[in-house]
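**Student:** The structure's right below; bear with me while I get my questions together.
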Amino acid sequence: MFRGKGEPLCCKVRGMLSEYIDSRLDSENKSLVERHLEICEACSKELESLRMTVQLLHRVAEVPAPRSFTVTVPEPRRESAFGPASMRWLRPATAIVAIALVVLLMGDFLHGFENNVRSNSGPGNVTLSAGQLAPSSAATEQQIMVAVPGVMGQMSLATAKAVGYTDYTMVRSSAVSQPAASPIPSVLGNEGPTGAQVIVRGEGGVGWPLRQTEIGLGAAVFVLLGLMIYARRQRRKKVGAR
Amino acid sequence: MDEQDLISRSKSGDVEAFNLLVEQYQRMVYNLALRMLGNAEAAEDACQDTFLSAYKAIGKFRGGSFKSWVLRIAANSCHDKLRVARRYRVVSLDTLLLEPDELHQANNNESPEDYALRRELGRFLSEGLTHLPEDQRLVVILSDVQGLSYEEVAQATGSSLGTVKSRLNRGRTRLRDFLLQREELLPSKFRLNK
């Protein structure tokens with residue numbers, strides 16, 4: 001702002017003016033600055049203006065704090081039944097139950113439980129003799145669809161016989177004369193060397209515990225999902241209230 | 001109670017002891033924040049952040065000047081606030097108030113005109129401070145407004161003594177230049193280049 005003639009020395013002195021104002025220079029530098037100020041009017045003006053600026057800054061009033069800034073430590077809050085801790089077990093529990101339900105449904109769909117069903121002789125089972133089957137013509141055997149344990153898919157009774165399977169399940173047939181009182185969701189077959197023997201299983205039979213389990217698991221999944229949604233809403237309400 | 005006792009009690013989780021320290025330093029921290037940020041509301045926020053951070057970090061305080069340590073946290077809070085203000089272009093200046101000069105202080109007879117001039121000068125000074133780069137502003141405020149020694153400023157800013165001297169010199173010069181550029185607006189008695 002103020003230009004002196006002896007530029008290099010002026011620059012050096014101006015760099016020390018701030019410390020000179022604050023009396024922070026050692027005696028050697030202090031005398032150097034003072035000697036220079038006696039002969040350099042520009043640096044003297046520089047000093048004067050800087051000193052005035054510092055004096056103005058010293059006059060800035062200190063204002064009181066508008067309020068107290070003391071720290072308050074919040075008391076530990078009581079954990080509600082649907083707090084973060086409950087979310088910790090709700091999620092995995094729901095996941096486990098849902099996975100169990102899916103596995104059961106898949107197994108049921110793929111007839112993975114039929115071997116167990118065969119050993120069960122519940123009150124809904126009906127044994128049909130070979131005579132209750134429609135006349136065993138080649139055309140009828142083509143219409144009767146059977147499932148063979150350990151073989152994927154279905155095949156006609158004629159094919160099963162031709163291959164030599166003796167243990168099979170009749171899935172659907174228009175040739176079976178069904179008892180009126182017992183609907184036939186699935187038919188288990190066991191044909192010995194002397195002829196066909198078919199076990200007809202009704203709804204009250206061996207599939208019922210499986211269905212009960214599936215329904216129970218489904219209900220549990222719904223209940224757990226409901227609890228999760230409720231717990232999440234409760235948490236959001238609390239965060240909003242804070 | 002001794003400050004060291006309060007610090008050691010605060011370290012062991014005594015909030016009451018820490019709040020005694022807060023009461024001791026809140027005025028200084030608030031004034032630093034107000035002058036750094038130029039806005040009373042932002043200064044309050046920065047001040048609250050400072051003491052909360054200090055309470056959380058009191059265990060890490062390894063001795064030395066507690067005042068410098070708190071001022072350093074306050075400076076960091078102010079930097080954070082300024083960063084956010086820059087991002088959202090929030091610029092609002094509250095005028096600094098200057099103390100009456102010695103003559104008026106002694107006689108207690110300041111006229112309304114003198115008071116208006118003093119306010120006007122405070123407004124210029126406040127504007128001039130916000131025109132300084134943050135590092136220079138901090139050093140100028142700590143040294144010339146808050147009255148800290150060079151050593152305390154160095155501790156509070158985490159800089160060397162040489163850096164403090166250099167920033168102070170550049171900051172004062174820059175502020176002086178800002179005021180000189182508007183000298184015609186200043187009352188004659190406050191003109192720097194008479």
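In the structure tokens, chains take the letters A, B, ... in the order shown, each chain's residues start at 1, and ligands count up from 1 in the order shown.
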With 6 Å as the limit and counting only C-alpha atoms, what residues in chain A lie close to chain B? Please list them as an MDAnalysis selection string.

**Tutor:** chainID A and resid 18 49 53 57:61 64:65 69:70

**Student:** Record the distance separating atom CA of Asp135 of chain B and atom CA of Val13 of chain A, expressed in Å with one decimal.

**Tutor:** 23.1 Å

**Student:** Where in segment 101-164 of chain B does DSSP assign alpha helix (DSSP H), given as number ranges by chain?

**Tutor:** B: 102-107, 112-130, 134-140, 150-157, 161-164

**Student:** So which residues touch Asp2 of chain B within 12 Å, counting only C-alpha atoms, skipping near sequence neighbours fewer than 3 positions away, as a VMD selection string?

**Tutor:** chain B and resid 5 to 9 17 20 to 21 24

**Student:** Write a file of the just-selected residues containing N, CA and C atoms, as a PDB file, in the first residue's frame.

**Tutor:**
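Writing done, so here's result_4.pdb:
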ATOM      1  N   ASP B   5      -8.122 -30.035  38.636  1.00  0.00           N
ATOM      2  CA  ASP B   5      -9.046 -30.952  39.326  1.00  0.00           C
ATOM      3  C   ASP B   5     -10.305 -31.161  38.483  1.00  0.00           C
ATOM      4  N   LEU B   6     -10.812 -30.048  37.960  1.00  0.00           N
ATOM      5  CA  LEU B   6     -12.025 -30.143  37.134  1.00  0.00           C
ATOM      6  C   LEU B   6     -11.777 -31.014  35.913  1.00  0.00           C
ATOM      7  N   ILE B   7     -10.584 -30.848  35.317  1.00  0.00           N
ATOM      8  CA  ILE B   7     -10.261 -31.635  34.120  1.00  0.00           C
ATOM      9  C   ILE B   7     -10.182 -33.119  34.472  1.00  0.00           C
ATOM     10  N   SER B   8      -9.491 -33.437  35.580  1.00  0.00           N
ATOM     11  CA  SER B   8      -9.364 -34.871  35.921  1.00  0.00           C
ATOM     12  C   SER B   8     -10.721 -35.467  36.325  1.00  0.00           C
ATOM     13  N   ARG B   9     -11.576 -34.671  36.974  1.00  0.00           N
ATOM     14  CA  ARG B   9     -12.918 -35.182  37.309  1.00  0.00           C
ATOM     15  C   ARG B   9     -13.752 -35.358  36.036  1.00  0.00           C
ATOM     16  N   ALA B  17     -18.475 -31.331  36.781  1.00  0.00           N
ATOM     17  CA  ALA B  17     -17.143 -30.708  36.730  1.00  0.00           C
ATOM     18  C   ALA B  17     -16.881 -30.145  35.345  1.00  0.00           C
ATOM     19  N   LEU B  20     -18.614 -26.892  34.802  1.00  0.00           N
ATOM     20  CA  LEU B  20     -17.938 -25.733  35.424  1.00  0.00           C
ATOM     21  C   LEU B  20     -16.885 -25.172  34.473  1.00  0.00           C
ATOM     22  N   LEU B  21     -16.207 -26.079  33.760  1.00  0.00           N
ATOM     23  CA  LEU B  21     -15.228 -25.621  32.750  1.00  0.00           C
ATOM     24  C   LEU B  21     -15.946 -24.903  31.603  1.00  0.00           C
ATOM     25  N   GLN B  24     -16.801 -21.471  32.432  1.00  0.00           N
ATOM     26  CA  GLN B  24     -15.602 -20.637  32.471  1.00  0.00           C
ATOM     27  C   GLN B  24     -15.193 -20.162  31.064  1.00  0.00           C
TER      28      GLN B  24
END

**Student:** To one decimal place, how far is atom CA of Leu37 of chain B from atom CA of Glu151 of chain B in Å?

**Tutor:**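 Atom-to-atom, atom CA of Leu37 of chain B and atom CA of Glu151 of chain B are spaced 23.6 Å apart.
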